[in-house]
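Colleague: First the structure, which I've put down as structure tokens, then a few questions once you've had a look.
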Amino acid sequence: QVQLVESGGGSVQAGGSLRLSCVASGYTSRHYCMAWFRQAPGKKREEVAVLYTGRYLTDYADSAKGRFTISQDSAKNTLYLEMNSLKPEDTAMYSCAAVPRINFYSVCPADAASYDYWGQGTQVTVSS
């Protein structure tokens, strides 16, 4: 059973930066999709960024490209989301999620329903 614990959220002004962390434990599969999702009040949960463990392949939502960076520290079993040039519309609850990949080249899903493991979330609030 994979367990995920996020931290690093907070309140910042527009243009500021935050780094979110997600510590993972209990890996049972060799390869995972590790993703950051966010959900604002009244809106659907959306994937912000995804990382393919072992491949160092990443992908981003259009809203995150050029501003957010997803990365991992394998030695610390930690996933990060570096967020720069934050905007008020980035305000949301951010959660990390994981799902095992069937094989090394499997494509990671973009929908939240496909992810098996979730952290509790960390709130990010950006003021104008």
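Residue numbering restarts at 1 in every chain; chains get A, B, ... in the order shown in the structure tokens, and ligands count up from 1 in that same order.
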When DSSP works through the backbone of this structure, what residues of chain A end up as helix (DSSP H, G or I), shown as a list of chain:residue names?
Modeller: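 Assigned to helix (DSSP H, G or I), within chain A: A:Ser74, A:Ala75, A:Lys76, A:Pro88, A:Glu89, A:Asp90, A:Ala112, A:Ala113, A:Ser114.
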Colleague: Using only N, CA, C and O atoms, please write the residues we just selected to a file, as a PDB file, in the first residue's frame.
Modeller:
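Done, and the output landed in out18.pdb:
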```pdb
ATOM      1  N   SER A  74      14.925  10.305  -5.711  1.00  0.00           N
ATOM      2  CA  SER A  74      14.701   8.884  -5.469  1.00  0.00           C
ATOM      3  C   SER A  74      15.245   8.438  -4.126  1.00  0.00           C
ATOM      4  O   SER A  74      14.659   7.593  -3.456  1.00  0.00           O
ATOM      5  N   ALA A  75      16.375   9.009  -3.728  1.00  0.00           N
ATOM      6  CA  ALA A  75      16.991   8.615  -2.458  1.00  0.00           C
ATOM      7  C   ALA A  75      16.087   8.954  -1.275  1.00  0.00           C
ATOM      8  O   ALA A  75      16.107   8.282  -0.246  1.00  0.00           O
ATOM      9  N   LYS A  76      15.299  10.010  -1.435  1.00  0.00           N
ATOM     10  CA  LYS A  76      14.400  10.446  -0.361  1.00  0.00           C
ATOM     11  C   LYS A  76      12.961  10.012  -0.595  1.00  0.00           C
ATOM     12  O   LYS A  76      12.076  10.350   0.194  1.00  0.00           O
ATOM     13  N   PRO A  88      -3.299  34.075  -9.249  1.00  0.00           N
ATOM     14  CA  PRO A  88      -4.473  33.790  -8.403  1.00  0.00           C
ATOM     15  C   PRO A  88      -5.245  32.554  -8.861  1.00  0.00           C
ATOM     16  O   PRO A  88      -5.792  31.821  -8.025  1.00  0.00           O
ATOM     17  N   GLU A  89      -5.267  32.303 -10.159  1.00  0.00           N
ATOM     18  CA  GLU A  89      -5.985  31.132 -10.663  1.00  0.00           C
ATOM     19  C   GLU A  89      -5.293  29.810 -10.340  1.00  0.00           C
ATOM     20  O   GLU A  89      -5.831  28.745 -10.599  1.00  0.00           O
ATOM     21  N   ASP A  90      -4.100  29.868  -9.766  1.00  0.00           N
ATOM     22  CA  ASP A  90      -3.429  28.649  -9.299  1.00  0.00           C
ATOM     23  C   ASP A  90      -3.924  28.237  -7.915  1.00  0.00           C
ATOM     24  O   ASP A  90      -3.559  27.164  -7.414  1.00  0.00           O
ATOM     25  N   ALA A 112      -7.978  11.687 -12.901  1.00  0.00           N
ATOM     26  CA  ALA A 112      -7.797  11.379 -11.486  1.00  0.00           C
ATOM     27  C   ALA A 112      -8.317   9.986 -11.123  1.00  0.00           C
ATOM     28  O   ALA A 112      -7.740   9.320 -10.258  1.00  0.00           O
ATOM     29  N   ALA A 113      -9.366   9.555 -11.789  1.00  0.00           N
ATOM     30  CA  ALA A 113      -9.975   8.264 -11.451  1.00  0.00           C
ATOM     31  C   ALA A 113      -9.031   7.092 -11.690  1.00  0.00           C
ATOM     32  O   ALA A 113      -9.219   6.016 -11.121  1.00  0.00           O
ATOM     33  N   SER A 114      -8.020   7.304 -12.509  1.00  0.00           N
ATOM     34  CA  SER A 114      -7.094   6.214 -12.835  1.00  0.00           C
ATOM     35  C   SER A 114      -5.993   6.040 -11.801  1.00  0.00           C
ATOM     36  O   SER A 114      -5.231   5.087 -11.851  1.00  0.00           O
TER      37      SER A 114
END
```
Colleague: Could you pull out the strand (DSSP E) residues of chain A, going by DSSP on the backbone, and write them as a PyMOL selection string?
Modeller: chain A and resi 3-7+10-13+18-25+32-39+46-52+57-60+68-73+78-83+92-100+117-118+122-127
Colleague: Counting only C-alpha atoms, what is within 12 Å of Tyr105 (chain A), bar same-chain residues fewer than 4 positions away, as a VMD selection string?
Modeller: chain A and resid 31 to 33 52 to 57 100 to 101
Colleague: Could the residues in this selection be written to a file with N, CA, C and O atoms, as an mmCIF file, in the first residue's frame?
Modeller:
```cif
data_model
loop_
_atom_site.group_PDB
_atom_site.id
_atom_site.type_symbol
_atom_site.label_atom_id
_atom_site.label_comp_id
_atom_site.auth_asym_id
_atom_site.auth_seq_id
_atom_site.Cartn_x
_atom_site.Cartn_y
_atom_site.Cartn_z
ATOM 1 N N HIS A 31 7.603 0.407 -11.414
ATOM 2 C CA HIS A 31 7.461 1.690 -12.102
ATOM 3 C C HIS A 31 6.118 2.313 -11.766
ATOM 4 O O HIS A 31 5.106 1.628 -11.730
ATOM 5 N N TYR A 32 6.142 3.606 -11.584
ATOM 6 C CA TYR A 32 4.928 4.335 -11.229
ATOM 7 C C TYR A 32 4.761 5.584 -12.082
ATOM 8 O O TYR A 32 5.731 6.145 -12.587
ATOM 9 N N CYS A 33 3.506 5.998 -12.204
ATOM 10 C CA CYS A 33 3.179 7.355 -12.619
ATOM 11 C C CYS A 33 2.997 8.131 -11.323
ATOM 12 O O CYS A 33 2.199 7.717 -10.462
ATOM 13 N N TYR A 52 7.222 10.092 -14.871
ATOM 14 C CA TYR A 52 7.361 8.655 -15.047
ATOM 15 C C TYR A 52 8.602 8.217 -14.274
ATOM 16 O O TYR A 52 9.726 8.555 -14.675
ATOM 17 N N THR A 53 8.422 7.491 -13.184
ATOM 18 C CA THR A 53 9.585 7.068 -12.415
ATOM 19 C C THR A 53 10.453 6.135 -13.256
ATOM 20 O O THR A 53 9.961 5.323 -14.033
ATOM 21 N N GLY A 54 11.747 6.304 -13.111
ATOM 22 C CA GLY A 54 12.690 5.471 -13.844
ATOM 23 C C GLY A 54 12.999 5.970 -15.226
ATOM 24 O O GLY A 54 14.031 5.643 -15.803
ATOM 25 N N ARG A 55 12.113 6.776 -15.808
ATOM 26 C CA ARG A 55 12.337 7.285 -17.165
ATOM 27 C C ARG A 55 12.708 8.759 -17.163
ATOM 28 O O ARG A 55 13.176 9.284 -18.150
ATOM 29 N N TYR A 56 12.455 9.411 -16.060
ATOM 30 C CA TYR A 56 12.696 10.854 -15.974
ATOM 31 C C TYR A 56 11.984 11.588 -17.109
ATOM 32 O O TYR A 56 12.518 12.536 -17.675
ATOM 33 N N LEU A 57 10.821 11.099 -17.412
ATOM 34 C CA LEU A 57 9.951 11.728 -18.400
ATOM 35 C C LEU A 57 8.869 12.472 -17.645
ATOM 36 O O LEU A 57 8.312 11.965 -16.667
ATOM 37 N N PRO A 100 0.657 2.408 -10.300
ATOM 38 C CA PRO A 100 1.711 1.593 -10.907
ATOM 39 C C PRO A 100 1.583 1.573 -12.426
ATOM 40 O O PRO A 100 0.465 1.586 -12.967
ATOM 41 N N ARG A 101 2.697 1.559 -13.120
ATOM 42 C CA ARG A 101 2.696 1.377 -14.565
ATOM 43 C C ARG A 101 2.817 -0.106 -14.859
ATOM 44 O O ARG A 101 3.560 -0.830 -14.200
#
```
Colleague: I need the residue nearest Arg45 (chain A) from this list: A:Ile70, A:Val107, A:Leu20, A:Cys96. Use only C-alpha atoms for the distance.
Modeller: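 Of the candidates, the smallest distance to Arg45 (chain A) is held by A:Cys96.
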Colleague: What's the 10 Å shell around Asp59 (chain A), counting only C-alpha atoms, without same-chain residues fewer than 5 positions away, as a list in words?
Modeller: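 With the cut-off at 10 Å, the set is Ala35, Glu47, Val48, Ala49, Val50, Leu51, Tyr52, Ala64, Lys65, Thr69, Ile70, Cys108 and Ala110 of chain A.
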Colleague: Give me, as a list in words, all polymer residues having an atom no more than 10 Å from Gly16 (chain A), counting only C-alpha atoms and skipping those fewer than 2 positions away in the same chain.
Modeller: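 Listing them by chain and then by number gives Ser11, Val12, Gln13, Ala14, Leu18, Met83, Asn84, Ser85, Leu86, Lys87, Val126 and Ser127 of chain A.
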Colleague: Could you write out that same residue set with all heavy atoms as a PDB file, in the first residue's frame?
Modeller:
```pdb
ATOM      1  N   SER A  11       0.275  30.462   1.560  1.00  0.00           N
ATOM      2  CA  SER A  11      -0.289  31.648   0.920  1.00  0.00           C
ATOM      3  C   SER A  11       0.840  32.521   0.395  1.00  0.00           C
ATOM      4  O   SER A  11       1.786  32.813   1.139  1.00  0.00           O
ATOM      5  CB  SER A  11      -1.131  32.437   1.920  1.00  0.00           C
ATOM      6  OG  SER A  11      -2.233  31.679   2.363  1.00  0.00           O
ATOM      7  N   VAL A  12       0.736  32.915  -0.855  1.00  0.00           N
ATOM      8  CA  VAL A  12       1.737  33.782  -1.466  1.00  0.00           C
ATOM      9  C   VAL A  12       1.038  34.828  -2.316  1.00  0.00           C
ATOM     10  O   VAL A  12      -0.126  34.663  -2.686  1.00  0.00           O
ATOM     11  CB  VAL A  12       2.736  32.996  -2.346  1.00  0.00           C
ATOM     12  CG1 VAL A  12       3.547  32.034  -1.517  1.00  0.00           C
ATOM     13  CG2 VAL A  12       2.004  32.281  -3.467  1.00  0.00           C
ATOM     14  N   GLN A  13       1.776  35.865  -2.638  1.00  0.00           N
ATOM     15  CA  GLN A  13       1.240  36.873  -3.549  1.00  0.00           C
ATOM     16  C   GLN A  13       1.526  36.448  -4.987  1.00  0.00           C
ATOM     17  O   GLN A  13       2.443  35.657  -5.247  1.00  0.00           O
ATOM     18  CB  GLN A  13       1.872  38.231  -3.255  1.00  0.00           C
ATOM     19  CG  GLN A  13       1.422  38.829  -1.930  1.00  0.00           C
ATOM     20  CD  GLN A  13       1.847  40.271  -1.785  1.00  0.00           C
ATOM     21  OE1 GLN A  13       2.899  40.675  -2.258  1.00  0.00           O
ATOM     22  NE2 GLN A  13       1.017  41.057  -1.109  1.00  0.00           N
ATOM     23  N   ALA A  14       0.745  36.986  -5.883  1.00  0.00           N
ATOM     24  CA  ALA A  14       0.940  36.705  -7.301  1.00  0.00           C
ATOM     25  C   ALA A  14       2.382  37.022  -7.696  1.00  0.00           C
ATOM     26  O   ALA A  14       2.943  38.034  -7.263  1.00  0.00           O
ATOM     27  CB  ALA A  14      -0.032  37.517  -8.140  1.00  0.00           C
ATOM     28  N   LEU A  18       6.385  28.669  -4.714  1.00  0.00           N
ATOM     29  CA  LEU A  18       6.237  27.667  -3.663  1.00  0.00           C
ATOM     30  C   LEU A  18       6.798  26.349  -4.169  1.00  0.00           C
ATOM     31  O   LEU A  18       6.778  26.085  -5.381  1.00  0.00           O
ATOM     32  CB  LEU A  18       4.761  27.454  -3.292  1.00  0.00           C
ATOM     33  CG  LEU A  18       4.075  28.475  -2.400  1.00  0.00           C
ATOM     34  CD1 LEU A  18       2.581  28.164  -2.314  1.00  0.00           C
ATOM     35  CD2 LEU A  18       4.691  28.519  -1.021  1.00  0.00           C
ATOM     36  N   MET A  83       6.770  25.625  -8.102  1.00  0.00           N
ATOM     37  CA  MET A  83       5.810  26.499  -8.774  1.00  0.00           C
ATOM     38  C   MET A  83       6.317  27.934  -8.719  1.00  0.00           C
ATOM     39  O   MET A  83       6.534  28.474  -7.629  1.00  0.00           O
ATOM     40  CB  MET A  83       4.442  26.402  -8.095  1.00  0.00           C
ATOM     41  CG  MET A  83       3.896  24.987  -8.047  1.00  0.00           C
ATOM     42  SD  MET A  83       2.213  24.901  -7.387  1.00  0.00           S
ATOM     43  CE  MET A  83       2.496  25.420  -5.701  1.00  0.00           C
ATOM     44  N   ASN A  84       6.512  28.507  -9.881  1.00  0.00           N
ATOM     45  CA  ASN A  84       6.982  29.894  -9.995  1.00  0.00           C
ATOM     46  C   ASN A  84       5.949  30.750 -10.711  1.00  0.00           C
ATOM     47  O   ASN A  84       5.040  30.226 -11.362  1.00  0.00           O
ATOM     48  CB  ASN A  84       8.311  29.922 -10.752  1.00  0.00           C
ATOM     49  CG  ASN A  84       9.402  29.158 -10.039  1.00  0.00           C
ATOM     50  OD1 ASN A  84       9.610  29.330  -8.842  1.00  0.00           O
ATOM     51  ND2 ASN A  84      10.108  28.304 -10.778  1.00  0.00           N
ATOM     52  N   SER A  85       6.119  32.053 -10.605  1.00  0.00           N
ATOM     53  CA  SER A  85       5.210  32.997 -11.261  1.00  0.00           C
ATOM     54  C   SER A  85       3.753  32.637 -10.981  1.00  0.00           C
ATOM     55  O   SER A  85       2.920  32.586 -11.896  1.00  0.00           O
ATOM     56  CB  SER A  85       5.470  33.003 -12.778  1.00  0.00           C
ATOM     57  OG  SER A  85       6.809  33.350 -13.052  1.00  0.00           O
ATOM     58  N   LEU A  86       3.453  32.401  -9.733  1.00  0.00           N
ATOM     59  CA  LEU A  86       2.117  31.959  -9.360  1.00  0.00           C
ATOM     60  C   LEU A  86       1.077  33.035  -9.645  1.00  0.00           C
ATOM     61  O   LEU A  86       1.340  34.234  -9.523  1.00  0.00           O
ATOM     62  CB  LEU A  86       2.089  31.558  -7.892  1.00  0.00           C
ATOM     63  CG  LEU A  86       2.705  30.182  -7.603  1.00  0.00           C
ATOM     64  CD1 LEU A  86       3.038  30.033  -6.134  1.00  0.00           C
ATOM     65  CD2 LEU A  86       1.768  29.084  -8.063  1.00  0.00           C
ATOM     66  N   LYS A  87      -0.104  32.558 -10.020  1.00  0.00           N
ATOM     67  CA  LYS A  87      -1.221  33.433 -10.354  1.00  0.00           C
ATOM     68  C   LYS A  87      -2.391  33.122  -9.420  1.00  0.00           C
ATOM     69  O   LYS A  87      -2.493  32.017  -8.897  1.00  0.00           O
ATOM     70  CB  LYS A  87      -1.653  33.183 -11.803  1.00  0.00           C
ATOM     71  CG  LYS A  87      -0.543  33.309 -12.826  1.00  0.00           C
ATOM     72  CD  LYS A  87      -1.045  32.911 -14.206  1.00  0.00           C
ATOM     73  CE  LYS A  87       0.059  32.986 -15.244  1.00  0.00           C
ATOM     74  NZ  LYS A  87      -0.413  32.580 -16.599  1.00  0.00           N
ATOM     75  N   VAL A 126      -3.086  31.941  -3.725  1.00  0.00           N
ATOM     76  CA  VAL A 126      -2.324  33.013  -4.360  1.00  0.00           C
ATOM     77  C   VAL A 126      -3.197  34.256  -4.392  1.00  0.00           C
ATOM     78  O   VAL A 126      -4.281  34.246  -4.980  1.00  0.00           O
ATOM     79  CB  VAL A 126      -1.888  32.625  -5.777  1.00  0.00           C
ATOM     80  CG1 VAL A 126      -1.003  33.720  -6.377  1.00  0.00           C
ATOM     81  CG2 VAL A 126      -1.158  31.294  -5.771  1.00  0.00           C
ATOM     82  N   SER A 127      -2.726  35.308  -3.789  1.00  0.00           N
ATOM     83  CA  SER A 127      -3.488  36.551  -3.749  1.00  0.00           C
ATOM     84  C   SER A 127      -2.952  37.544  -4.775  1.00  0.00           C
ATOM     85  O   SER A 127      -1.766  37.555  -5.084  1.00  0.00           O
ATOM     86  CB  SER A 127      -3.430  37.162  -2.348  1.00  0.00           C
ATOM     87  OG  SER A 127      -2.088  37.399  -1.979  1.00  0.00           O
TER      88      SER A 127
END
```
Colleague: A:Arg67, A:Tyr60, A:Gly119, A:Ser17: which is nearest Met93 (chain A), counting only C-alpha atoms?
Modeller: A:Gly119
Colleague: Could you tell me how far CA of Gln39 (chain A) lies from CA of Ala92 (chain A), in Å and to one decimal?
Modeller: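 Rounded to one decimal, the two atoms are 5.2 Å apart.
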Colleague: Which residues are near Gly9 (chain A)? Cut-off 9 Å, only C-alpha atoms, ignore same chain within fewer than 4 positions. Put them as a CSV table (one decimal) with N, CA, C and O atoms, in the first residue's frame.
Modeller:
```
chain,number,residue,atom,x,y,z
A,18,LEU,N,6.4,28.7,-4.7
A,18,LEU,CA,6.2,27.7,-3.7
A,18,LEU,C,6.8,26.3,-4.2
A,18,LEU,O,6.8,26.1,-5.4
A,19,ARG,N,7.3,25.5,-3.3
A,19,ARG,CA,7.7,24.2,-3.6
A,19,ARG,C,6.9,23.2,-2.8
A,19,ARG,O,7.0,23.2,-1.5
A,20,LEU,N,6.1,22.3,-3.4
A,20,LEU,CA,5.4,21.3,-2.8
A,20,LEU,C,6.2,20.0,-2.7
A,20,LEU,O,7.0,19.7,-3.6
A,21,SER,N,6.1,19.3,-1.6
A,21,SER,CA,6.8,18.0,-1.5
A,21,SER,C,5.8,16.9,-1.2
A,21,SER,O,4.7,17.1,-0.6
A,93,MET,N,-6.5,23.2,-3.9
A,93,MET,CA,-5.9,22.1,-3.1
A,93,MET,C,-5.1,21.2,-4.0
A,93,MET,O,-5.6,20.7,-5.0
A,94,TYR,N,-3.8,21.1,-3.7
A,94,TYR,CA,-2.9,20.3,-4.5
A,94,TYR,C,-2.7,19.0,-3.8
A,94,TYR,O,-2.4,18.9,-2.6
A,121,GLY,N,-3.5,16.2,0.6
A,121,GLY,CA,-3.6,17.5,-0.1
A,121,GLY,C,-2.9,18.6,0.7
A,121,GLY,O,-2.8,18.5,2.0
A,122,THR,N,-2.5,19.6,0.0
A,122,THR,CA,-2.0,20.8,0.7
A,122,THR,C,-2.5,22.0,-0.1
A,122,THR,O,-2.5,22.1,-1.3
A,123,GLN,N,-3.0,23.0,0.7
A,123,GLN,CA,-3.6,24.2,0.1
A,123,GLN,C,-2.6,25.2,-0.4
A,123,GLN,O,-1.7,25.5,0.3
A,124,VAL,N,-2.9,25.7,-1.6
A,124,VAL,CA,-2.1,26.8,-2.1
A,124,VAL,C,-3.1,27.9,-2.4
A,124,VAL,O,-4.1,27.7,-3.1
A,125,THR,N,-2.7,29.1,-1.8
A,125,THR,CA,-3.6,30.3,-2.0
A,125,THR,C,-2.7,31.4,-2.6
A,125,THR,O,-1.7,31.7,-2.0
```
Colleague: Give the answer as one residue: which of A:Glu82, A:Ala98, A:Ser7, A:Asp62 has the shortest atom-to-atom distance to Ser25 (chain A), using only C-alpha atoms?
Modeller: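 Of the candidates, the smallest distance to Ser25 (chain A) is held by A:Ala98.
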Colleague: Quick one: everything within 9 Å of Val2 (chain A), counting only C-alpha atoms, minus sequence neighbours fewer than 2 positions away in the same chain. Send it as an NGL selection string.
Modeller: :A and (4 or 24-28 or 98 or 116-118)
